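**Student:** Sharing start04.cif, mmCIF, C-alpha atoms and all ligand atoms:
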```
data_query
#
loop_
_atom_site.label_atom_id
_atom_site.label_comp_id
_atom_site.auth_asym_id
_atom_site.auth_seq_id
_atom_site.Cartn_x
_atom_site.Cartn_y
_atom_site.Cartn_z
CA MET A 1 -88.91 -14.37 -190.79
CA ASP A 2 -88.89 -17.94 -192.15
CA GLN A 3 -91.19 -20.46 -190.47
CA PRO A 4 -89.26 -22.87 -188.21
CA LYS A 5 -88.65 -26.27 -189.74
CA ILE A 6 -90.39 -29.24 -188.12
CA ALA A 7 -88.77 -32.46 -186.93
CA LEU A 8 -90.74 -35.49 -185.78
CA ILE A 9 -88.59 -37.64 -183.50
CA THR A 10 -89.60 -41.07 -182.18
CA GLY A 11 -88.06 -42.36 -178.96
CA ALA A 12 -87.44 -38.84 -177.68
CA SER A 13 -87.78 -39.78 -174.00
CA SER A 14 -84.17 -40.93 -173.69
CA GLY A 15 -80.72 -41.26 -175.24
CA ILE A 16 -80.16 -40.35 -178.89
CA GLY A 17 -83.76 -39.20 -179.43
CA MET A 18 -83.71 -36.85 -176.46
CA ALA A 19 -80.27 -35.45 -177.39
CA SER A 20 -81.55 -34.90 -180.94
CA ALA A 21 -84.62 -33.05 -179.64
CA ARG A 22 -82.29 -30.72 -177.71
CA TRP A 23 -80.03 -30.24 -180.76
CA PHE A 24 -82.87 -29.35 -183.11
CA ALA A 25 -84.56 -27.06 -180.57
CA GLU A 26 -81.26 -25.21 -180.13
CA GLN A 27 -81.12 -24.77 -183.91
CA GLY A 28 -84.63 -23.28 -183.96
CA TRP A 29 -86.69 -26.24 -185.19
CA SER A 30 -90.21 -26.95 -183.96
CA LEU A 31 -90.61 -30.49 -182.66
CA VAL A 32 -93.04 -33.36 -182.48
CA LEU A 33 -91.75 -35.82 -179.88
CA TRP A 34 -93.12 -39.33 -179.44
CA ALA A 35 -92.40 -42.14 -176.98
CA ARG A 36 -94.30 -44.29 -174.51
CA ARG A 37 -93.07 -42.52 -171.35
CA ILE A 38 -95.16 -39.38 -171.68
CA GLU A 39 -94.14 -37.94 -168.31
CA ARG A 40 -90.53 -37.81 -169.52
CA LEU A 41 -91.59 -36.12 -172.74
CA LYS A 42 -93.58 -33.53 -170.78
CA GLU A 43 -90.55 -32.82 -168.61
CA LEU A 44 -88.39 -32.38 -171.71
CA GLN A 45 -91.07 -30.18 -173.29
CA GLY A 46 -90.96 -27.94 -170.19
CA VAL A 47 -87.16 -27.66 -170.25
CA LEU A 48 -87.03 -26.91 -173.98
CA ALA A 49 -89.89 -24.40 -173.75
CA GLN A 50 -87.92 -22.50 -171.10
CA GLN A 51 -84.89 -22.45 -173.39
CA VAL A 52 -86.59 -21.42 -176.60
CA GLY A 53 -89.61 -19.48 -175.27
CA ASN A 54 -92.65 -19.41 -177.56
CA ARG A 55 -90.62 -19.07 -180.75
CA LEU A 56 -91.04 -22.79 -181.42
CA GLU A 57 -93.79 -25.33 -181.00
CA ILE A 58 -92.90 -28.42 -179.00
CA TRP A 59 -95.60 -31.08 -179.18
CA VAL A 60 -95.41 -34.32 -177.24
CA ASP A 61 -97.57 -37.43 -177.43
CA GLN A 62 -97.62 -40.90 -175.94
CA VAL A 63 -97.07 -43.26 -178.84
CA ASP A 64 -96.07 -46.90 -178.97
CA VAL A 65 -94.67 -47.18 -182.50
CA ARG A 66 -95.59 -50.88 -182.62
CA LEU A 67 -99.29 -49.99 -182.63
CA ASP A 68 -100.17 -48.74 -186.08
CA ALA A 69 -103.60 -47.37 -185.07
CA GLN A 70 -101.96 -45.36 -182.29
CA VAL A 71 -99.32 -44.01 -184.67
CA GLN A 72 -101.87 -42.96 -187.30
CA ARG A 73 -104.11 -41.37 -184.62
CA ALA A 74 -101.18 -39.43 -183.13
CA PHE A 75 -100.16 -38.11 -186.53
CA ALA A 76 -103.74 -37.18 -187.48
CA SER A 77 -104.15 -35.29 -184.20
CA LEU A 78 -101.18 -32.97 -184.80
CA PRO A 79 -102.12 -29.30 -184.99
CA PRO A 80 -102.15 -28.11 -188.63
CA SER A 81 -99.07 -25.96 -187.92
CA LEU A 82 -97.04 -29.13 -187.24
CA GLN A 83 -98.32 -31.44 -189.94
CA ASN A 84 -95.84 -30.49 -192.65
CA VAL A 85 -92.95 -32.42 -191.19
CA ASP A 86 -89.56 -31.56 -192.74
CA LEU A 87 -87.55 -34.27 -190.98
CA LEU A 88 -88.66 -37.66 -189.73
CA LEU A 89 -86.13 -39.17 -187.34
CA ASN A 90 -87.08 -42.82 -186.91
CA ASN A 91 -85.09 -43.44 -183.76
CA ALA A 92 -87.25 -45.53 -181.40
CA GLY A 93 -85.63 -48.90 -180.94
CA LEU A 94 -84.20 -51.43 -178.56
CA SER A 95 -82.45 -54.73 -178.07
CA GLN A 96 -83.39 -57.51 -175.65
CA GLY A 97 -80.83 -59.88 -174.15
CA LEU A 98 -77.68 -61.28 -175.69
CA LYS A 99 -78.64 -64.86 -176.49
CA ALA A 100 -77.79 -67.06 -179.44
CA VAL A 101 -80.54 -67.19 -182.03
CA HIS A 102 -81.47 -70.78 -181.17
CA GLU A 103 -81.76 -69.89 -177.48
CA SER A 104 -83.61 -66.62 -177.95
CA ASN A 105 -86.84 -65.84 -176.17
CA GLN A 106 -89.80 -65.47 -178.50
CA GLU A 107 -91.32 -62.49 -176.67
CA ASP A 108 -87.98 -60.66 -176.72
CA ALA A 109 -87.53 -61.36 -180.41
CA ASP A 110 -91.04 -60.12 -181.20
CA ARG A 111 -90.48 -56.94 -179.17
CA VAL A 112 -87.27 -56.13 -181.06
CA LEU A 113 -88.63 -56.90 -184.53
CA ASP A 114 -91.98 -55.21 -183.88
CA THR A 115 -90.34 -52.02 -182.58
CA ASN A 116 -87.27 -51.68 -184.78
CA ILE A 117 -88.81 -52.77 -188.08
CA LYS A 118 -92.61 -52.62 -188.00
CA GLY A 119 -92.65 -49.52 -185.77
CA LEU A 120 -90.38 -47.66 -188.15
CA VAL A 121 -92.61 -48.68 -191.07
CA ASN A 122 -95.77 -47.60 -189.20
CA VAL A 123 -94.33 -44.14 -188.56
CA SER A 124 -93.07 -43.84 -192.15
CA ARG A 125 -96.55 -44.77 -193.37
CA ALA A 126 -98.01 -41.88 -191.37
CA VAL A 127 -95.48 -39.17 -192.19
CA VAL A 128 -94.07 -39.81 -195.66
CA PRO A 129 -97.25 -39.39 -197.79
CA GLY A 130 -97.38 -35.69 -196.82
CA MET A 131 -93.72 -35.25 -197.78
CA LYS A 132 -94.43 -36.91 -201.10
CA THR A 133 -97.35 -34.56 -201.79
CA ARG A 134 -95.24 -31.52 -200.92
CA GLY A 135 -92.23 -32.86 -202.85
CA GLN A 136 -90.00 -32.10 -199.90
CA GLY A 137 -88.67 -33.72 -196.77
CA GLN A 138 -86.04 -35.96 -195.26
CA VAL A 139 -86.18 -39.28 -193.46
CA ILE A 140 -83.34 -40.45 -191.23
CA HIS A 141 -83.58 -43.95 -189.83
CA VAL A 142 -81.36 -44.80 -186.87
CA SER A 143 -79.51 -47.96 -187.83
CA SER A 144 -76.32 -49.20 -186.14
CA THR A 145 -72.98 -50.85 -186.71
CA ALA A 146 -75.22 -53.87 -186.02
CA GLY A 147 -76.87 -53.09 -189.35
CA LYS A 148 -73.52 -53.67 -191.11
CA GLU A 149 -71.93 -56.55 -189.21
CA VAL A 150 -73.23 -59.30 -186.95
CA TYR A 151 -71.94 -60.38 -183.56
CA PRO A 152 -72.71 -63.49 -181.48
CA GLY A 153 -75.76 -62.88 -179.30
CA GLY A 154 -76.92 -60.02 -181.50
CA GLY A 155 -78.71 -62.07 -184.16
CA ILE A 156 -82.23 -60.70 -183.73
CA TYR A 157 -81.09 -57.12 -183.14
CA CYS A 158 -78.68 -57.26 -186.09
CA ALA A 159 -81.47 -58.71 -188.25
CA SER A 160 -83.68 -55.77 -187.28
CA LYS A 161 -81.00 -53.23 -188.20
CA PHE A 162 -80.11 -55.02 -191.45
CA ALA A 163 -83.84 -54.67 -192.21
CA VAL A 164 -83.68 -50.96 -191.38
CA GLU A 165 -80.87 -50.61 -193.93
CA ALA A 166 -82.91 -52.47 -196.57
CA ILE A 167 -85.97 -50.32 -195.88
CA ALA A 168 -83.92 -47.11 -196.04
CA LYS A 169 -82.30 -48.06 -199.36
CA THR A 170 -85.67 -49.07 -200.81
CA MET A 171 -87.30 -45.83 -199.65
CA ARG A 172 -84.46 -43.81 -201.20
CA HIS A 173 -85.29 -45.39 -204.57
CA GLU A 174 -89.05 -45.06 -204.11
CA LEU A 175 -88.91 -41.42 -203.07
CA LEU A 176 -86.27 -40.37 -205.60
CA PRO A 177 -88.83 -38.85 -208.03
CA PHE A 178 -90.34 -36.77 -205.23
CA GLY A 179 -87.18 -35.05 -204.01
CA ILE A 180 -87.23 -36.66 -200.57
CA LYS A 181 -83.91 -37.53 -198.98
CA VAL A 182 -83.59 -40.84 -197.14
CA GLY A 183 -80.61 -41.92 -195.09
CA THR A 184 -79.38 -43.87 -192.11
CA VAL A 185 -77.20 -42.89 -189.21
CA SER A 186 -75.26 -45.88 -187.92
CA PRO A 187 -73.64 -45.49 -184.52
CA GLY A 188 -71.39 -47.91 -182.70
CA MET A 189 -71.49 -47.97 -178.89
CA VAL A 190 -73.39 -45.06 -177.37
CA GLU A 191 -73.93 -44.72 -173.62
CA THR A 192 -77.69 -44.36 -173.24
CA GLU A 193 -80.35 -46.50 -171.57
CA PHE A 194 -79.90 -48.97 -174.42
CA SER A 195 -77.86 -51.52 -172.41
CA LEU A 196 -80.07 -51.09 -169.33
CA VAL A 197 -83.07 -51.97 -171.51
CA ARG A 198 -81.18 -54.80 -173.23
CA PHE A 199 -80.29 -56.34 -169.84
CA LYS A 200 -83.75 -55.62 -168.40
CA GLY A 201 -82.70 -53.20 -165.68
CA ASP A 202 -79.47 -54.96 -164.61
CA ALA A 203 -77.38 -51.80 -164.08
CA GLU A 204 -74.14 -53.69 -163.36
CA LYS A 205 -74.32 -55.69 -166.56
CA ALA A 206 -75.26 -52.57 -168.51
CA ALA A 207 -72.30 -50.63 -167.09
CA SER A 208 -69.88 -53.47 -167.98
CA THR A 209 -70.69 -52.87 -171.66
CA TYR A 210 -68.76 -49.61 -171.51
CA GLN A 211 -66.04 -50.65 -169.06
CA GLY A 212 -62.51 -49.70 -170.08
CA LEU A 213 -63.50 -47.56 -173.06
CA GLU A 214 -65.05 -44.21 -173.77
CA PRO A 215 -68.31 -44.74 -175.67
CA LEU A 216 -70.04 -42.16 -177.84
CA ARG A 217 -72.35 -39.79 -176.01
CA PRO A 218 -75.90 -39.39 -177.33
CA GLU A 219 -74.98 -35.76 -178.12
CA ASP A 220 -72.29 -37.01 -180.54
CA VAL A 221 -74.92 -38.89 -182.51
CA ALA A 222 -77.39 -35.99 -182.33
CA GLU A 223 -74.74 -33.73 -183.83
CA ALA A 224 -74.18 -36.21 -186.69
CA ILE A 225 -77.93 -36.36 -187.32
CA GLY A 226 -78.05 -32.57 -187.22
CA PHE A 227 -75.26 -32.46 -189.81
CA MET A 228 -77.22 -34.78 -192.11
CA ALA A 229 -80.33 -32.63 -191.73
CA THR A 230 -78.67 -29.30 -192.42
CA ARG A 231 -76.74 -29.98 -195.65
CA PRO A 232 -77.54 -27.84 -198.66
CA ASP A 233 -80.71 -28.87 -200.43
CA HIS A 234 -78.90 -30.77 -203.21
CA VAL A 235 -76.80 -32.90 -200.81
CA GLN A 236 -78.13 -36.25 -199.60
CA ILE A 237 -76.15 -38.20 -197.00
CA ALA A 238 -77.14 -41.81 -197.51
CA ASP A 239 -75.40 -43.18 -194.42
CA LEU A 240 -73.29 -41.80 -191.64
CA LEU A 241 -71.31 -44.46 -189.75
CA LEU A 242 -69.70 -43.33 -186.51
CA MET A 243 -68.16 -45.12 -183.57
CA PRO A 244 -65.97 -44.44 -180.56
CA ARG A 245 -62.22 -44.28 -181.10
CA ALA A 246 -62.03 -47.52 -179.08
CA GLN A 247 -64.21 -49.45 -181.55
CA ALA A 248 -63.45 -50.80 -185.02
CA GLY A 249 -66.64 -52.73 -185.74
CA SER A 250 -69.56 -54.55 -184.16
CA GLY A 251 -67.60 -56.91 -181.91
CA ALA A 252 -64.21 -55.16 -182.07
CA VAL A 253 -63.47 -52.93 -179.12
CA HIS A 254 -60.26 -51.99 -177.37
CA ARG A 255 -60.59 -51.86 -173.59
CA VAL A 256 -58.03 -50.48 -171.17
CA ASP A 257 -57.97 -51.71 -167.54
CA SER A 258 -58.95 -48.92 -165.19
N1 LIG B 301 -76.91 -47.03 -177.63
C1 LIG B 301 -76.26 -47.64 -178.61
O1 LIG B 301 -75.15 -48.16 -178.41
C2 LIG B 301 -76.84 -47.66 -180.00
C3 LIG B 301 -75.99 -47.95 -181.06
C4 LIG B 301 -76.49 -47.99 -182.35
C5 LIG B 301 -77.82 -47.73 -182.57
N2 LIG B 301 -78.65 -47.47 -181.52
C6 LIG B 301 -80.08 -47.21 -181.83
O2 LIG B 301 -80.39 -45.90 -181.40
C7 LIG B 301 -81.80 -45.80 -181.19
C8 LIG B 301 -82.04 -45.10 -179.86
O3 LIG B 301 -81.51 -45.89 -178.81
P1 LIG B 301 -80.76 -45.26 -177.56
O4 LIG B 301 -79.39 -45.79 -177.56
O5 LIG B 301 -80.99 -43.81 -177.47
O6 LIG B 301 -81.53 -46.06 -176.38
P2 LIG B 301 -82.51 -45.56 -175.22
O7 LIG B 301 -81.86 -44.53 -174.38
O8 LIG B 301 -83.00 -46.81 -174.55
O9 LIG B 301 -83.72 -44.86 -176.03
C9 LIG B 301 -84.62 -45.64 -176.78
C10 LIG B 301 -85.85 -44.80 -177.08
O10 LIG B 301 -86.76 -45.59 -177.86
C11 LIG B 301 -88.04 -45.47 -177.31
N3 LIG B 301 -88.86 -46.65 -177.58
C12 LIG B 301 -88.57 -47.95 -177.35
N4 LIG B 301 -89.61 -48.73 -177.69
C13 LIG B 301 -90.58 -47.89 -178.15
C14 LIG B 301 -91.90 -48.09 -178.65
N5 LIG B 301 -92.44 -49.31 -178.75
N6 LIG B 301 -92.62 -47.01 -179.03
C15 LIG B 301 -92.09 -45.77 -178.95
N7 LIG B 301 -90.86 -45.51 -178.48
C16 LIG B 301 -90.12 -46.58 -178.09
C17 LIG B 301 -87.81 -45.27 -175.82
O11 LIG B 301 -88.92 -44.56 -175.25
P3 LIG B 301 -90.04 -45.19 -174.28
O12 LIG B 301 -89.42 -46.31 -173.54
O13 LIG B 301 -90.43 -44.02 -173.42
O14 LIG B 301 -91.13 -45.60 -175.23
C18 LIG B 301 -86.59 -44.37 -175.83
O15 LIG B 301 -86.96 -43.03 -175.95
C19 LIG B 301 -82.34 -47.22 -181.27
O16 LIG B 301 -82.92 -47.43 -182.54
C20 LIG B 301 -81.08 -48.08 -181.13
O17 LIG B 301 -81.23 -49.34 -181.74
C21 LIG B 301 -78.19 -47.41 -180.25
#
```
Once more with this new file: its structure as structure tokens, please.
Ligand SMILES: NC(=O)c1ccc[n+]([C@@H]2O[C@H](COP(=O)([O-])OP(=O)(O)OC[C@H]3O[C@@H](n4cnc5c(N)ncnc54)[C@H](OP(=O)(O)O)[C@@H]3O)[C@@H](O)[C@H]2O)c1
**Tutor:**
Amino acid sequence: MDQPKIALITGASSGIGMASARWFAEQGWSLVLWARRIERLKELQGVLAQQVGNRLEIWVDQVDVRLDAQVQRAFASLPPSLQNVDLLLNNAGLSQGLKAVHESNQEDADRVLDTNIKGLVNVSRAVVPGMKTRGQGQVIHVSSTAGKEVYPGGGIYCASKFAVEAIAKTMRHELLPFGIKVGTVSPGMVETEFSLVRFKGDAEKAASTYQGLEPLRPEDVAEAIGFMATRPDHVQIADLLLMPRAQAGSGAVHRVDS
């Protein structure tokens, strides 16, 4: 029997990352799952282990992607059986507030840029050299419709996702000679903890984001990521843009009174 493939997923404690972990486990992939909330990862590890038995390895670790030393240590401490990562899903990310650029809070801006850009680079720095040596692998960065179009109040977040797009395109060129696929998945509105984090725990404000429309579910995005990861070897999906039926672009949504 073939060895299970290995996916390393950042931000697996919630939302799109967690749904992706479930999707890949169901498809028989071994997993390395990183996030800061380790207790959540352990809970997920327990649930997945029950589902898949000991066919697959599910490894969890507490990693803040902003801290390069922590990222490199976590990768170096993987058991040898999990070091040859087939798929890196750079998913960890967040937004903070909805303020105009000139009114933005410096700490919030740093948190977004450090996580969404530098964190993604830190993790790529750890994982991609092995792919390059093996001449095999795939990197999927989670971008957003915010990486294509701006919207008022989204300046810092949009800047971070425009950067993700630039990094992904650059990596695709850099890794071309080594047979490594690089792409982005770019969702519109997805109902996760994203808005709760953006509005710093204000559940009412977070819920209003999705009022009067049916957003994507994290499972919808996980399925799209799974599609990208399971194409025939010669097929590289560079970007997969998906949004709810009620959305046409970053600021363009159609709401119906309930
Ligand atoms: N929801 C949307 O509408 C939407 C749309 C387009 C794109 N996206 C993108 O999708 C990705 C996932 O977001 P989501 O919607 O699933 O939100 P979510 O439910 O809030 O999940 C975000 C994940 O990122 C992790 N994370 C945040 N900061 C981290 C750090 N410093 N180190 C390690 N992990 C960190 C969180 O884990 P811990 O807190 O446990 O560390 C969590 O697992 C993000 O890149 C986001 O920008 C979301």
**Student:** Report, in Å with one decimal, the straight-line distance from atom CA of A:Phe24 to atom CA of A:Met228.
**Tutor:**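 Separation between atom CA of A:Phe24 and atom CA of A:Met228: 11.9 Å.
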**Student:** Excluding stretch 109-124 of chain A and residues on its chain fewer than 2 positions from it, collect all residues at most 9 Å away from it, counting only C-alpha atoms, and give them as a VMD selection string.
**Tutor:** chain A and resid 10 64 to 69 71 to 72 75 88 90 to 96 104 to 107 126 to 129 139 141 156 to 157 159 to 161 163 to 164 167
**Student:** Just the residues within 9 Å of A:Asn84, please, counting all atoms listed in the file, with nothing from its chain fewer than 2 positions along; format it as a count of residues only.
**Tutor:** 11
**Student:** Nearest to A:Lys148: which of A:Lys181, A:Ala166, A:His173, A:Lys99 is it, counting only C-alpha atoms?
**Tutor:** A:Ala166
**Student:** Which is closer to A:Pro152 than all the others in A:Ile180, A:Leu48, A:Met171, A:Leu98, using only C-alpha atoms?
**Tutor:**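 Ranked by minimum distance to A:Pro152, first place goes to A:Leu98.
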**Student:** Kindly indicate which residue among A:Ile16, A:Leu8, A:Leu44, A:Leu213 lies nearest to A:Gln83, using all atoms listed in the file for the distances.
**Tutor:**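 Of A:Ile16, A:Leu8, A:Leu44, A:Leu213, the one nearest A:Gln83 is A:Leu8, counting all atoms listed in the file.
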**Student:** Measuring atom to atom with only C-alpha atoms and all ligand atoms, identify which of A:Gly179, A:Pro218, A:Gly155, A:Gly251 is nearest to ligand LIG 301 (chain B).
**Tutor:** A:Pro218
**Student:** Using only C-alpha atoms, pick whichever of A:Glu214, A:Glu174, A:Glu165, A:Glu204 has the shortest atom-to-atom distance to A:Met189.
**Tutor:**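 Of all the options, A:Glu214 lies closest to A:Met189.
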**Student:** Go through A:Arg217, A:Arg36, A:Gln27, A:Phe178 and flag the residue nearest A:Ala12, using all atoms listed in the file for the distances.
**Tutor:**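 So, comparing all the options, the nearest one is A:Arg36.
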**Student:** Starting from the point (-92.4, -38.5, -171.7), work out which residues of protein, DNA or RNA have an atom no more than 10 Å away when counting all atoms listed in the file; state them as a PyMOL selection string.
**Tutor:** chain A and resi 11-14+33-45+60-63
**Student:** Here's a test: counting only C-alpha atoms, identify every protein, DNA and RNA residue with an atom at most 12 Å from (-74.3, -45.0, -173.1) in the file's coordinate frame, and state them as an NGL selection string.
**Tutor:** :A and (14-16 or 187-198 or 203 or 206-211 or 213-221 or 244)
**Student:** Mind giving me the straight-line distance from atom C17 of ligand LIG 301 (chain B) to atom CA of A:Arg255 in Å, one decimal?
**Tutor:**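 Those two atoms sit 28.1 Å apart.
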**Student:** Just give me the gap between atom CA of A:Thr230 and atom CA of A:Lys132 in Å, one decimal is fine.
**Tutor:**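 Distance between the two atoms: 19.5 Å.
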**Student:** I'd like the contact shell of A:Leu241 - 12 Å cut-off, only C-alpha atoms, skipping same-chain residues fewer than 2 positions apart - returned as a list in words.
**Tutor:** Val142, Ser143, Ser144, Thr145, Ala146, Gly147, Lys148, Gly183, Thr184, Val185, Ser186, Pro187, Gly188, Met189, Asp220, Val221, Ala224, Ile225, Met228, Ile237, Ala238, Asp239, Met243, Pro244, Gln247, Ala248, Gly249 and Ser250 of chain A
**Student:** Tell me which protein, DNA and RNA residues are within 8 Å of A:Gly97, counting all atoms listed in the file, leaving out same-chain ones fewer than 4 positions away, and put them as a PyMOL selection string.
**Tutor:** chain A and resi 108+153+198-200
**Student:** Residues as selected, C-alpha atoms, written as a JSON list (two decimals), keeping the file's coordinate frame, can you do that?
**Tutor:**
```json
[["chain", "number", "residue", "atom", "x", "y", "z"],
["A", 108, "ASP", "CA", -87.98, -60.66, -176.72],
["A", 153, "GLY", "CA", -75.76, -62.88, -179.30],
["A", 198, "ARG", "CA", -81.18, -54.80, -173.23],
["A", 199, "PHE", "CA", -80.29, -56.34, -169.84],
["A", 200, "LYS", "CA", -83.75, -55.62, -168.40]]
```
